[in-house]
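Coordinates as given in start-v3.pdb (PDB, C-alpha atoms and all ligand atoms):
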```pdb
MODEL        1
ATOM      1  CA  MET A   1      59.207 -36.664 -26.754
ATOM      2  CA  LYS A   2      56.249 -36.974 -29.094
ATOM      3  CA  THR A   3      52.607 -36.665 -28.111
ATOM      4  CA  ILE A   4      50.357 -38.872 -30.229
ATOM      5  CA  ARG A   5      46.580 -38.679 -29.950
ATOM      6  CA  SER A   6      45.243 -40.739 -32.812
ATOM      7  CA  PRO A   7      45.264 -44.543 -32.461
ATOM      8  CA  SER A   8      46.101 -45.012 -36.147
ATOM      9  CA  ALA A   9      49.081 -42.606 -35.910
ATOM     10  CA  MET A  10      50.230 -44.550 -32.845
ATOM     11  CA  THR A  11      50.145 -47.847 -34.758
ATOM     12  CA  THR A  12      51.967 -46.296 -37.733
ATOM     13  CA  TRP A  13      54.750 -45.112 -35.385
ATOM     14  CA  SER A  14      55.074 -48.575 -33.813
ATOM     15  CA  ASP A  15      55.009 -50.425 -37.145
ATOM     16  CA  GLN A  16      57.843 -48.255 -38.445
ATOM     17  CA  LEU A  17      59.954 -49.090 -35.378
ATOM     18  CA  HIS A  18      59.145 -52.801 -35.636
ATOM     19  CA  ARG A  19      60.536 -52.772 -39.178
ATOM     20  CA  GLU A  20      63.802 -51.439 -37.667
ATOM     21  CA  GLY A  21      63.828 -54.256 -35.068
ATOM     22  CA  VAL A  22      63.145 -51.920 -32.141
ATOM     23  CA  VAL A  23      61.641 -53.435 -28.951
ATOM     24  CA  ILE A  24      58.758 -51.234 -27.766
ATOM     25  CA  GLY A  25      57.650 -51.032 -24.137
ATOM     26  CA  LEU A  26      54.240 -49.799 -22.964
ATOM     27  CA  VAL A  27      53.282 -48.375 -19.567
ATOM     28  CA  PRO A  28      49.485 -47.994 -19.520
ATOM     29  CA  THR A  29      48.286 -45.301 -17.074
ATOM     30  CA  MET A  30      45.339 -43.041 -16.330
ATOM     31  CA  GLY A  31      47.688 -40.100 -15.724
ATOM     32  CA  ALA A  32      48.090 -38.069 -12.511
ATOM     33  CA  LEU A  33      51.513 -39.663 -12.524
ATOM     34  CA  HIS A  34      53.391 -40.232  -9.256
ATOM     35  CA  ASP A  35      56.508 -42.110  -8.177
ATOM     36  CA  GLY A  36      54.723 -45.470  -8.584
ATOM     37  CA  HIS A  37      54.227 -44.732 -12.286
ATOM     38  CA  ARG A  38      57.760 -43.317 -12.435
ATOM     39  CA  ALA A  39      59.151 -46.675 -11.222
ATOM     40  CA  LEU A  40      57.263 -48.498 -14.006
ATOM     41  CA  ILE A  41      58.574 -45.998 -16.549
ATOM     42  CA  ARG A  42      62.166 -46.404 -15.309
ATOM     43  CA  THR A  43      61.916 -50.207 -15.485
ATOM     44  CA  GLY A  44      60.461 -49.915 -18.983
ATOM     45  CA  ARG A  45      63.187 -47.507 -20.024
ATOM     46  CA  ARG A  46      65.868 -50.009 -18.906
ATOM     47  CA  GLN A  47      64.273 -53.030 -20.592
ATOM     48  CA  CYS A  48      63.136 -51.585 -23.951
ATOM     49  CA  ASP A  49      64.583 -49.606 -26.860
ATOM     50  CA  ALA A  50      61.561 -47.310 -27.136
ATOM     51  CA  LEU A  51      58.989 -46.495 -24.477
ATOM     52  CA  VAL A  52      55.358 -45.447 -24.834
ATOM     53  CA  VAL A  53      53.325 -44.198 -21.852
ATOM     54  CA  SER A  54      49.595 -44.139 -22.480
ATOM     55  CA  ILE A  55      47.564 -41.587 -20.541
ATOM     56  CA  PHE A  56      43.888 -42.383 -20.816
ATOM     57  CA  VAL A  57      41.221 -42.101 -18.139
ATOM     58  CA  ASN A  58      39.229 -45.065 -19.373
ATOM     59  CA  PRO A  59      35.500 -44.403 -18.982
ATOM     60  CA  THR A  60      34.451 -48.060 -19.327
ATOM     61  CA  GLN A  61      36.164 -49.098 -16.086
ATOM     62  CA  PHE A  62      34.212 -46.569 -13.974
ATOM     63  CA  ALA A  63      30.664 -47.203 -12.760
ATOM     64  CA  PRO A  64      28.261 -44.238 -13.162
ATOM     65  CA  THR A  65      28.497 -43.641  -9.384
ATOM     66  CA  GLU A  66      32.310 -43.497  -9.418
ATOM     67  CA  ASP A  67      34.803 -40.648  -9.796
ATOM     68  CA  LEU A  68      35.330 -40.458 -13.600
ATOM     69  CA  ALA A  69      34.468 -36.753 -13.790
ATOM     70  CA  SER A  70      36.619 -35.762 -10.823
ATOM     71  CA  TYR A  71      39.586 -38.051 -11.592
ATOM     72  CA  PRO A  72      42.693 -35.796 -11.533
ATOM     73  CA  ARG A  73      44.032 -34.832 -14.979
ATOM     74  CA  PRO A  74      47.227 -32.740 -14.583
ATOM     75  CA  ILE A  75      48.297 -33.395 -18.175
ATOM     76  CA  GLU A  76      51.101 -30.797 -18.384
ATOM     77  CA  GLN A  77      52.731 -32.182 -15.223
ATOM     78  CA  ASP A  78      52.362 -35.728 -16.565
ATOM     79  CA  ARG A  79      54.041 -34.824 -19.861
ATOM     80  CA  GLU A  80      56.865 -33.153 -17.945
ATOM     81  CA  LEU A  81      57.445 -36.303 -15.860
ATOM     82  CA  CYS A  82      57.481 -38.411 -19.039
ATOM     83  CA  ARG A  83      59.895 -36.022 -20.735
ATOM     84  CA  THR A  84      62.235 -36.068 -17.716
ATOM     85  CA  GLU A  85      62.197 -39.869 -17.649
ATOM     86  CA  GLY A  86      63.112 -40.179 -21.339
ATOM     87  CA  VAL A  87      59.759 -41.491 -22.587
ATOM     88  CA  ASP A  88      59.572 -41.527 -26.399
ATOM     89  CA  VAL A  89      55.817 -41.177 -26.848
ATOM     90  CA  CYS A  90      52.943 -40.023 -24.665
ATOM     91  CA  PHE A  91      49.886 -41.660 -26.203
ATOM     92  CA  GLU A  92      46.856 -39.568 -25.225
ATOM     93  CA  PRO A  93      43.818 -40.760 -27.156
ATOM     94  CA  ALA A  94      40.445 -39.041 -26.770
ATOM     95  CA  ALA A  95      37.609 -41.178 -25.377
ATOM     96  CA  GLY A  96      35.795 -40.865 -28.712
ATOM     97  CA  ALA A  97      38.809 -42.221 -30.580
ATOM     98  CA  MET A  98      39.026 -45.293 -28.356
ATOM     99  CA  TYR A  99      35.259 -45.837 -28.212
ATOM    100  CA  PRO A 100      33.754 -44.394 -31.386
ATOM    101  CA  LYS A 101      30.006 -44.344 -31.898
ATOM    102  CA  GLY A 102      28.715 -47.885 -32.318
ATOM    103  CA  PHE A 103      31.480 -49.510 -30.249
ATOM    104  CA  GLN A 104      30.232 -52.870 -28.891
ATOM    105  CA  THR A 105      32.944 -55.370 -27.996
ATOM    106  CA  LEU A 106      33.862 -56.185 -24.397
ATOM    107  CA  VAL A 107      36.691 -58.431 -23.227
ATOM    108  CA  THR A 108      35.874 -60.314 -20.033
ATOM    109  CA  VAL A 109      38.063 -62.603 -17.935
ATOM    110  CA  PRO A 110      35.370 -64.045 -15.701
ATOM    111  CA  ALA A 111      37.053 -66.314 -13.161
ATOM    112  CA  ILE A 112      39.942 -64.143 -12.008
ATOM    113  CA  ALA A 113      37.795 -60.995 -12.126
ATOM    114  CA  ARG A 114      34.906 -62.498 -10.139
ATOM    115  CA  ARG A 115      35.913 -61.802  -6.539
ATOM    116  CA  TRP A 116      37.343 -58.836  -4.596
ATOM    117  CA  GLU A 117      37.531 -55.760  -6.853
ATOM    118  CA  GLY A 118      35.184 -57.539  -9.266
ATOM    119  CA  GLN A 119      32.560 -57.944  -6.574
ATOM    120  CA  SER A 120      32.819 -54.363  -5.298
ATOM    121  CA  ARG A 121      33.042 -52.925  -8.826
ATOM    122  CA  PRO A 122      31.077 -55.314 -11.101
ATOM    123  CA  HIS A 123      31.946 -53.788 -14.514
ATOM    124  CA  HIS A 124      35.444 -52.637 -13.651
ATOM    125  CA  PHE A 125      37.541 -55.496 -15.035
ATOM    126  CA  ALA A 126      35.620 -55.766 -18.306
ATOM    127  CA  GLY A 127      36.533 -52.106 -18.825
ATOM    128  CA  VAL A 128      40.158 -52.750 -17.875
ATOM    129  CA  ALA A 129      40.487 -55.898 -20.029
ATOM    130  CA  THR A 130      38.877 -54.148 -23.008
ATOM    131  CA  VAL A 131      41.053 -51.044 -22.858
ATOM    132  CA  VAL A 132      44.253 -53.045 -22.262
ATOM    133  CA  THR A 133      43.405 -55.245 -25.268
ATOM    134  CA  LYS A 134      42.853 -52.128 -27.374
ATOM    135  CA  LEU A 135      46.073 -50.506 -26.161
ATOM    136  CA  PHE A 136      48.009 -53.698 -26.955
ATOM    137  CA  ASN A 137      46.529 -53.783 -30.469
ATOM    138  CA  VAL A 138      47.179 -50.085 -31.081
ATOM    139  CA  VAL A 139      50.664 -49.760 -29.548
ATOM    140  CA  ARG A 140      51.865 -53.324 -30.299
ATOM    141  CA  PRO A 141      54.477 -53.471 -27.533
ATOM    142  CA  GLY A 142      56.856 -56.391 -26.912
ATOM    143  CA  LEU A 143      56.732 -55.723 -23.154
ATOM    144  CA  ALA A 144      54.124 -54.041 -20.972
ATOM    145  CA  PHE A 145      54.634 -52.827 -17.399
ATOM    146  CA  PHE A 146      52.065 -53.009 -14.602
ATOM    147  CA  GLY A 147      52.166 -52.345 -10.842
ATOM    148  CA  GLN A 148      51.736 -54.998  -8.149
ATOM    149  CA  LYS A 149      49.557 -52.504  -6.273
ATOM    150  CA  ASP A 150      46.724 -53.529  -8.602
ATOM    151  CA  TYR A 151      47.324 -57.225  -7.994
ATOM    152  CA  GLN A 152      44.060 -58.568  -9.373
ATOM    153  CA  GLN A 153      44.415 -56.357 -12.447
ATOM    154  CA  CYS A 154      47.813 -57.986 -13.110
ATOM    155  CA  GLY A 155      46.104 -61.403 -12.950
ATOM    156  CA  VAL A 156      43.423 -60.279 -15.405
ATOM    157  CA  VAL A 157      46.041 -58.917 -17.818
ATOM    158  CA  ARG A 158      48.254 -62.035 -17.639
ATOM    159  CA  GLN A 159      45.212 -64.222 -18.326
ATOM    160  CA  LEU A 160      44.031 -62.214 -21.332
ATOM    161  CA  VAL A 161      47.547 -62.147 -22.805
ATOM    162  CA  LYS A 162      47.676 -65.940 -22.507
ATOM    163  CA  ASP A 163      44.138 -66.580 -23.738
ATOM    164  CA  LEU A 164      44.259 -64.159 -26.672
ATOM    165  CA  ASN A 165      47.830 -65.070 -27.765
ATOM    166  CA  PHE A 166      49.320 -61.605 -27.420
ATOM    167  CA  PRO A 167      53.086 -61.809 -28.090
ATOM    168  CA  ILE A 168      53.715 -59.508 -25.116
ATOM    169  CA  ARG A 169      55.745 -60.069 -21.950
ATOM    170  CA  ILE A 170      53.988 -58.692 -18.854
ATOM    171  CA  VAL A 171      56.368 -57.224 -16.283
ATOM    172  CA  VAL A 172      54.945 -56.625 -12.797
ATOM    173  CA  CYS A 173      56.789 -53.978 -10.736
ATOM    174  CA  PRO A 174      56.735 -53.730  -6.914
ATOM    175  CA  THR A 175      54.397 -51.313  -5.149
ATOM    176  CA  VAL A 176      55.946 -47.919  -4.439
ATOM    177  CA  ARG A 177      54.953 -46.477  -1.046
ATOM    178  CA  GLU A 178      55.059 -43.201   0.794
ATOM    179  CA  GLN A 179      57.536 -43.140   3.692
ATOM    180  CA  ASP A 180      54.783 -44.088   6.142
ATOM    181  CA  GLY A 181      53.823 -47.160   4.094
ATOM    182  CA  LEU A 182      50.726 -45.886   2.245
ATOM    183  CA  ALA A 183      50.752 -47.224  -1.333
ATOM    184  CA  MET A 184      51.050 -44.327  -3.773
ATOM    185  CA  SER A 185      47.871 -43.731  -5.751
ATOM    186  CA  SER A 186      46.489 -40.931  -7.911
ATOM    187  CA  ARG A 187      43.468 -40.907  -5.579
ATOM    188  CA  ASN A 188      45.483 -40.190  -2.400
ATOM    189  CA  VAL A 189      45.180 -36.443  -3.122
ATOM    190  CA  PHE A 190      41.479 -36.742  -2.275
ATOM    191  CA  LEU A 191      42.183 -37.875   1.317
ATOM    192  CA  SER A 192      41.441 -35.225   3.949
ATOM    193  CA  THR A 193      44.365 -34.293   6.192
ATOM    194  CA  GLU A 194      42.970 -36.443   8.991
ATOM    195  CA  ASP A 195      42.258 -39.428   6.699
ATOM    196  CA  ARG A 196      45.732 -39.135   5.183
ATOM    197  CA  ARG A 197      47.163 -39.343   8.722
ATOM    198  CA  ILE A 198      45.388 -42.589   9.530
ATOM    199  CA  ALA A 199      45.549 -44.214   6.052
ATOM    200  CA  PRO A 200      48.871 -46.075   6.681
ATOM    201  CA  ILE A 201      47.049 -48.276   9.239
ATOM    202  CA  PHE A 202      45.724 -50.207   6.236
ATOM    203  CA  PHE A 203      49.269 -51.219   5.258
ATOM    204  CA  HIS A 204      50.188 -51.854   8.905
ATOM    205  CA  ALA A 205      47.287 -54.317   9.084
ATOM    206  CA  LEU A 206      48.493 -56.122   5.954
ATOM    207  CA  GLN A 207      51.996 -56.258   7.425
ATOM    208  CA  ALA A 208      50.606 -57.656  10.687
ATOM    209  CA  GLY A 209      48.830 -60.345   8.652
ATOM    210  CA  ARG A 210      52.015 -61.185   6.773
ATOM    211  CA  GLN A 211      54.001 -61.336  10.020
ATOM    212  CA  ALA A 212      51.453 -63.652  11.636
ATOM    213  CA  ILE A 213      51.599 -66.009   8.635
ATOM    214  CA  GLU A 214      55.389 -65.938   8.678
ATOM    215  CA  ASN A 215      55.303 -66.735  12.403
ATOM    216  CA  GLY A 216      53.291 -69.859  11.655
ATOM    217  CA  LEU A 217      49.613 -68.830  11.979
ATOM    218  CA  SER A 218      47.948 -71.036   9.396
ATOM    219  CA  GLU A 219      44.190 -70.346   9.630
ATOM    220  CA  ALA A 220      43.186 -67.614   7.212
ATOM    221  CA  ALA A 221      40.220 -66.670   9.416
ATOM    222  CA  SER A 222      42.563 -65.954  12.343
ATOM    223  CA  VAL A 223      44.868 -63.848  10.157
ATOM    224  CA  GLU A 224      41.891 -61.898   8.821
ATOM    225  CA  ALA A 225      40.537 -61.351  12.355
ATOM    226  CA  LEU A 226      43.940 -60.037  13.416
ATOM    227  CA  MET A 227      44.050 -57.554  10.510
ATOM    228  CA  ARG A 228      40.490 -56.414  11.235
ATOM    229  CA  LYS A 229      41.503 -55.781  14.836
ATOM    230  CA  VAL A 230      44.405 -53.541  13.725
ATOM    231  CA  ILE A 231      42.106 -51.531  11.439
ATOM    232  CA  GLY A 232      39.315 -51.560  14.050
ATOM    233  CA  GLY A 233      41.457 -49.169  16.086
ATOM    234  CA  GLU A 234      40.492 -46.463  13.569
ATOM    235  CA  PRO A 235      36.685 -46.329  13.214
ATOM    236  CA  ALA A 236      36.983 -43.933  10.243
ATOM    237  CA  ILE A 237      38.347 -46.792   8.108
ATOM    238  CA  ARG A 238      35.651 -49.054   6.671
ATOM    239  CA  ILE A 239      36.834 -52.422   5.399
ATOM    240  CA  ASP A 240      35.591 -53.491   1.994
ATOM    241  CA  TYR A 241      37.466 -56.816   2.029
ATOM    242  CA  LEU A 242      40.600 -58.365   3.530
ATOM    243  CA  ALA A 243      41.490 -61.853   2.364
ATOM    244  CA  VAL A 244      44.337 -64.347   2.326
ATOM    245  CA  CYS A 245      44.373 -65.822  -1.171
ATOM    246  CA  ASP A 246      46.130 -68.146  -3.542
ATOM    247  CA  PRO A 247      48.492 -65.848  -5.490
ATOM    248  CA  THR A 248      47.543 -67.297  -8.895
ATOM    249  CA  THR A 249      43.823 -68.058  -8.758
ATOM    250  CA  LEU A 250      43.030 -65.394  -6.105
ATOM    251  CA  GLU A 251      40.643 -67.891  -4.495
ATOM    252  CA  PRO A 252      40.524 -67.445  -0.704
ATOM    253  CA  LEU A 253      42.618 -69.869   1.348
ATOM    254  CA  ILE A 254      41.182 -71.538   4.445
ATOM    255  CA  ASN A 255      44.399 -73.160   5.562
ATOM    256  CA  ILE A 256      47.553 -71.242   4.650
ATOM    257  CA  ASP A 257      49.748 -74.114   3.510
ATOM    258  CA  ARG A 258      51.456 -72.405   0.564
ATOM    259  CA  PRO A 259      52.694 -68.950  -0.472
ATOM    260  CA  ALA A 260      49.818 -66.490  -0.263
ATOM    261  CA  VAL A 261      48.837 -62.953  -1.156
ATOM    262  CA  ILE A 262      46.814 -60.823   1.241
ATOM    263  CA  LEU A 263      44.439 -58.581  -0.707
ATOM    264  CA  GLY A 264      42.569 -55.666   0.784
ATOM    265  CA  ALA A 265      40.368 -52.682   0.035
ATOM    266  CA  VAL A 266      39.170 -50.038   2.494
ATOM    267  CA  ARG A 267      37.249 -46.787   2.387
ATOM    268  CA  LEU A 268      38.229 -43.572   4.070
ATOM    269  CA  GLY A 269      35.598 -40.906   3.548
ATOM    270  CA  SER A 270      34.819 -41.064  -0.183
ATOM    271  CA  VAL A 271      38.238 -42.501  -1.082
ATOM    272  CA  ARG A 272      38.694 -46.205  -1.744
ATOM    273  CA  LEU A 273      42.203 -47.626  -1.227
ATOM    274  CA  ILE A 274      43.491 -51.015  -2.363
ATOM    275  CA  ASP A 275      46.725 -52.739  -1.401
ATOM    276  CA  ASN A 276      48.285 -56.180  -1.041
ATOM    277  CA  VAL A 277      51.335 -58.018   0.290
ATOM    278  CA  HIS A 278      52.837 -61.424  -0.338
ATOM    279  CA  ALA A 279      53.252 -63.782   2.621
ATOM    280  CA  ARG A 280      55.200 -66.982   2.777
ATOM    281  CA  SER A 281      53.896 -69.494   5.291
ATOM    282  CA  THR A 282      56.613 -71.243   7.333
ATOM    283  CA  HIS A 283      53.962 -73.811   8.215
ATOM    284  CA  GLY A 284      53.310 -74.394   4.519
ATOM    285  CA  SER A 285      56.955 -74.679   3.588
ATOM    286  CA  ARG A 286      57.493 -77.144   6.468
ATOM    287  CA  GLN A 287      54.512 -79.172   5.260
ATOM    288  CA  HIS A 288      55.768 -78.833   1.716
ATOM    289  CA  ARG A 289      59.236 -80.069   2.753
ATOM    290  CA  GLN A 290      57.683 -82.955   4.697
ATOM    291  CA  GLY A 291      55.587 -83.808   1.653
ATOM    292  CA  LEU A 292      58.697 -83.879  -0.527
ATOM    293  CA  ALA A 293      60.571 -85.977   2.052
ATOM    294  CA  ALA A 294      57.640 -88.411   2.212
ATOM    295  CA  ARG A 295      57.716 -88.782  -1.568
ATOM    296  CA  GLU A 296      61.477 -89.458  -1.478
ATOM    297  CA  ASP A 297      61.053 -92.251   1.146
TER     298      ASP A 297
HETATM  299  P1  LIG A 301      46.721 -46.056 -12.846
HETATM  300  O1  LIG A 301      47.181 -44.799 -13.482
HETATM  301  O2  LIG A 301      46.340 -45.891 -11.405
HETATM  302  O3  LIG A 301      45.715 -46.807 -13.672
HETATM  303  O4  LIG A 301      48.004 -46.986 -12.781
HETATM  304  C1  LIG A 301      48.766 -47.261 -13.933
HETATM  305  C2  LIG A 301      49.770 -48.337 -13.593
HETATM  306  O5  LIG A 301      50.600 -47.879 -12.522
HETATM  307  C3  LIG A 301      49.099 -49.643 -13.112
HETATM  308  O6  LIG A 301      49.807 -50.750 -13.644
HETATM  309  C4  LIG A 301      49.262 -49.553 -11.628
HETATM  310  O7  LIG A 301      49.287 -50.810 -10.991
HETATM  311  C5  LIG A 301      50.596 -48.854 -11.493
HETATM  312  N1  LIG A 301      50.713 -48.216 -10.190
HETATM  313  C6  LIG A 301      49.841 -47.360  -9.600
HETATM  314  N2  LIG A 301      50.257 -47.047  -8.361
HETATM  315  C7  LIG A 301      51.411 -47.717  -8.144
HETATM  316  C8  LIG A 301      52.324 -47.816  -7.048
HETATM  317  N3  LIG A 301      52.121 -47.161  -5.922
HETATM  318  N4  LIG A 301      53.410 -48.608  -7.193
HETATM  319  C9  LIG A 301      53.617 -49.287  -8.352
HETATM  320  N5  LIG A 301      52.796 -49.242  -9.416
HETATM  321  C10 LIG A 301      51.711 -48.466  -9.319
ENDMDL
END
```

In structure tokens, write the structure found in this file.
Amino acid sequence: MKTIRSPSAMTTWSDQLHREGVVIGLVPTMGALHDGHRALIRTGRRQCDALVVSIFVNPTQFAPTEDLASYPRPIEQDRELCRTEGVDVCFEPAAGAMYPKGFQTLVTVPAIARRWEGQSRPHHFAGVATVVTKLFNVVRPGLAFFGQKDYQQCGVVRQLVKDLNFPIRIVVCPTVREQDGLAMSSRNVFLSTEDRRIAPIFFHALQAGRQAIENGLSEAASVEALMRKVIGGEPAIRIDYLAVCDPTTLEPLINIDRPAVILGAVRLGSVRLIDNVHARSTHGSRQHRQGLAARED
């Protein structure tokens, strides 16, 4: 496995492989790799001839009050995981190489980034969209792999690929969880022992919401109240948002009459967790079927 630090050397490597007709895959990460990243890497390995994993803790997606300085950076461990998984290149640019003095341009995807994470973290998605655009231009992959755990991020990336005509297929991989249901995250190491014990309640609440929708509850407000009640059992968990949304626009649903995604973010101590689940409304599919039948009459 090669380690490449300079963006121009990265592009030279990719261009050479393109001339040989090689399909390159990219897994963008901020390092502190866990089994969630490993699943993306394995999917990438299966679907591409050559695989690049970028490890870059992107400063522009952190607000000054956030955890940029303390974000975990176990680079030797990360390289070892990449080596074991058959990654061809670890791309590890320095912040100054990605954002040299005088850097100005920002990529923004306003509508899909507006709510949820965008509201809690106002500059976050401009940072994400900008760095993903740069990584796509530098690495020039044919496919890029992202995790469903960051559902809104996947929406932002799909939109920018479409709007900016990137010839890249975005592959979204399912969320990998700990045995007790907690979504794996590089930030989970910051949970205290007690907070780690209660953290899975967040996922249990999302599951309760999904179950209620699948049992026919069709008012989003009632589903949200139910999820809040589950989490309310643990006063240490503070809810940032919990919402039943349209899976494409991420606009909140009032009446759940179609497939939905439940998005959530909570805080436990100083750690912020995000997660989501899909839910298919039986009510909606019945209505949908009735609608189709009515059209056929
Ligand atoms: P990060 O290093 O946290 O920026 O994540 C890099 C990529 O890994 C993103 O596409 C994430 O959505 C994905 N990812 C992070 N955690 C998980 C997980 N538990 N399951 C699946 N994908 C994940």

*Within 12 Å of Ile75 in chain A using only C-alpha atoms, minus same-chain residues under 2 positions, as a VMD selection string*: chain A and resid 3 29 to 33 54 to 57 71 to 73 77 to 82 90 to 92

_Site check for ligand LIG 301 (chain A): residues at most 7 Å away, all atoms listed in the file, as number ranges by chain_ = A: 27-33, 36-37, 39-40, 145-150, 173-177, 183-186

_Nearest to Val271 in chain A, chosen from A:Gly44, A:Pro259, A:Thr249, A:Asp240, with all atoms listed in the file counted in the distances_ = A:Asp240

*asked:* Excluding Ala144 in chain A and its own-chain neighbours fewer than 6 positions away, which residues fall within 7 Å of it when counting all atoms listed in the file? Please give them as a PyMOL selection string.
replied: chain A and resi 25-27+168-171

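With CA of Leu143 in chain A on one side and CA of Leu106 in chain A on the other, the separation reads 22.9 Å.
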
_Residue nearest Val22 in chain A - candidates A:Thr108, A:Val230, A:Gly142, A:Arg83, atoms counted: all atoms listed in the file_ =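 Using all atoms listed in the file, Val22 in chain A sits closest to A:Gly142.
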
*Evaluate the PyMOL selection byres (((chain A and resi 87) around 9) and not hetatm) and report residues as number ranges by chain*: A: 1-2, 41, 45, 50-53, 81-86, 88-90

Would you compute the box with edges along x, y and z of the file around range 60-79 of chain A, including every atom the file lists for it and 6 Å extra on each side, and give its centre and edge lengths in Å to one decimal, as AutoDock Vina command-line options?
```
--center_x 41.2 --center_y -39.9 --center_z -14.6 --size_x 37.8 --size_y 30.3 --size_z 22.5
```

_Distance criterion (all atoms listed in the file): nearest to Pro74 in chain A out of A:His34, A:Thr11, A:Asn58, A:Thr193_ = A:His34

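Take CA of Tyr241 in chain A and CA of His283 in chain A: the distance between them is 24.5 Å.
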
*Do you know which residues the PyMOL selection byres (((chain A and resi 63) around 10) and not hetatm) returns on this file, as a ChimeraX atom specification?*
/A:59-62,64-68,121-124,127

Could you write those residues out with C-alpha atoms, as a PDB file, in the coordinates of the input?
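Below is the file part-v4.pdb, written as the result:
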```pdb
ATOM      1  CA  PRO A  59      35.500 -44.403 -18.982  1.00  0.00           C
ATOM      2  CA  THR A  60      34.451 -48.060 -19.327  1.00  0.00           C
ATOM      3  CA  GLN A  61      36.164 -49.098 -16.086  1.00  0.00           C
ATOM      4  CA  PHE A  62      34.212 -46.569 -13.974  1.00  0.00           C
ATOM      5  CA  PRO A  64      28.261 -44.238 -13.162  1.00  0.00           C
ATOM      6  CA  THR A  65      28.497 -43.641  -9.384  1.00  0.00           C
ATOM      7  CA  GLU A  66      32.310 -43.497  -9.418  1.00  0.00           C
ATOM      8  CA  ASP A  67      34.803 -40.648  -9.796  1.00  0.00           C
ATOM      9  CA  LEU A  68      35.330 -40.458 -13.600  1.00  0.00           C
ATOM     10  CA  ARG A 121      33.042 -52.925  -8.826  1.00  0.00           C
ATOM     11  CA  PRO A 122      31.077 -55.314 -11.101  1.00  0.00           C
ATOM     12  CA  HIS A 123      31.946 -53.788 -14.514  1.00  0.00           C
ATOM     13  CA  HIS A 124      35.444 -52.637 -13.651  1.00  0.00           C
ATOM     14  CA  GLY A 127      36.533 -52.106 -18.825  1.00  0.00           C
TER      15      GLY A 127
END
```

_Separation of CA of Ala221 in chain A from CA of Ile256 in chain A in Å_ = 9.9 Å

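Ranking A:Met10, A:Cys245, A:Ile4, A:Ala113 by their shortest atom-to-atom distance to Glu219 in chain A, with all atoms listed in the file included, puts A:Cys245 first.
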
*Please identify all polymer residues within 9 Å of Glu234 in chain A, counting only C-alpha atoms, omitting same-chain residues fewer than 4 positions from it, and present them as a list in words.*
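Once the adjacent positions are removed, what remains is Ile198, Ile201, Val230 and Arg238 of chain A.
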
Starting from the incomplete input, reconstruct N, CA, C and O atoms of range 88-97 of chain A and write that as a PDB file, keeping the file's coordinate frame.
```pdb
ATOM      1  N   ASP A  88      59.550 -41.921 -24.986  1.00  0.00           N
ATOM      2  CA  ASP A  88      59.572 -41.527 -26.399  1.00  0.00           C
ATOM      3  C   ASP A  88      58.227 -40.978 -26.859  1.00  0.00           C
ATOM      4  O   ASP A  88      58.191 -40.006 -27.614  1.00  0.00           O
ATOM      5  N   VAL A  89      57.142 -41.634 -26.408  1.00  0.00           N
ATOM      6  CA  VAL A  89      55.817 -41.177 -26.848  1.00  0.00           C
ATOM      7  C   VAL A  89      54.846 -41.170 -25.678  1.00  0.00           C
ATOM      8  O   VAL A  89      54.753 -42.139 -24.926  1.00  0.00           O
ATOM      9  N   CYS A  90      54.124 -40.051 -25.533  1.00  0.00           N
ATOM     10  CA  CYS A  90      52.943 -40.023 -24.665  1.00  0.00           C
ATOM     11  C   CYS A  90      51.752 -40.258 -25.576  1.00  0.00           C
ATOM     12  O   CYS A  90      51.484 -39.439 -26.472  1.00  0.00           O
ATOM     13  N   PHE A  91      51.070 -41.363 -25.384  1.00  0.00           N
ATOM     14  CA  PHE A  91      49.886 -41.660 -26.203  1.00  0.00           C
ATOM     15  C   PHE A  91      48.668 -41.206 -25.425  1.00  0.00           C
ATOM     16  O   PHE A  91      48.387 -41.724 -24.345  1.00  0.00           O
ATOM     17  N   GLU A  92      47.979 -40.200 -25.954  1.00  0.00           N
ATOM     18  CA  GLU A  92      46.856 -39.568 -25.225  1.00  0.00           C
ATOM     19  C   GLU A  92      45.600 -39.569 -26.098  1.00  0.00           C
ATOM     20  O   GLU A  92      45.188 -38.526 -26.605  1.00  0.00           O
ATOM     21  N   PRO A  93      45.003 -40.732 -26.282  1.00  0.00           N
ATOM     22  CA  PRO A  93      43.818 -40.760 -27.156  1.00  0.00           C
ATOM     23  C   PRO A  93      42.613 -40.091 -26.492  1.00  0.00           C
ATOM     24  O   PRO A  93      42.501 -40.091 -25.262  1.00  0.00           O
ATOM     25  N   ALA A  94      41.720 -39.561 -27.292  1.00  0.00           N
ATOM     26  CA  ALA A  94      40.445 -39.041 -26.770  1.00  0.00           C
ATOM     27  C   ALA A  94      39.512 -40.234 -26.570  1.00  0.00           C
ATOM     28  O   ALA A  94      39.650 -41.260 -27.247  1.00  0.00           O
ATOM     29  N   ALA A  95      38.545 -40.077 -25.642  1.00  0.00           N
ATOM     30  CA  ALA A  95      37.609 -41.178 -25.377  1.00  0.00           C
ATOM     31  C   ALA A  95      36.874 -41.579 -26.663  1.00  0.00           C
ATOM     32  O   ALA A  95      36.678 -42.765 -26.941  1.00  0.00           O
ATOM     33  N   GLY A  96      36.533 -40.583 -27.479  1.00  0.00           N
ATOM     34  CA  GLY A  96      35.795 -40.865 -28.712  1.00  0.00           C
ATOM     35  C   GLY A  96      36.629 -41.610 -29.742  1.00  0.00           C
ATOM     36  O   GLY A  96      36.082 -42.281 -30.634  1.00  0.00           O
ATOM     37  N   ALA A  97      37.945 -41.492 -29.641  1.00  0.00           N
ATOM     38  CA  ALA A  97      38.809 -42.221 -30.580  1.00  0.00           C
ATOM     39  C   ALA A  97      38.953 -43.682 -30.150  1.00  0.00           C
ATOM     40  O   ALA A  97      39.095 -44.580 -30.979  1.00  0.00           O
TER      41      ALA A  97
END
```
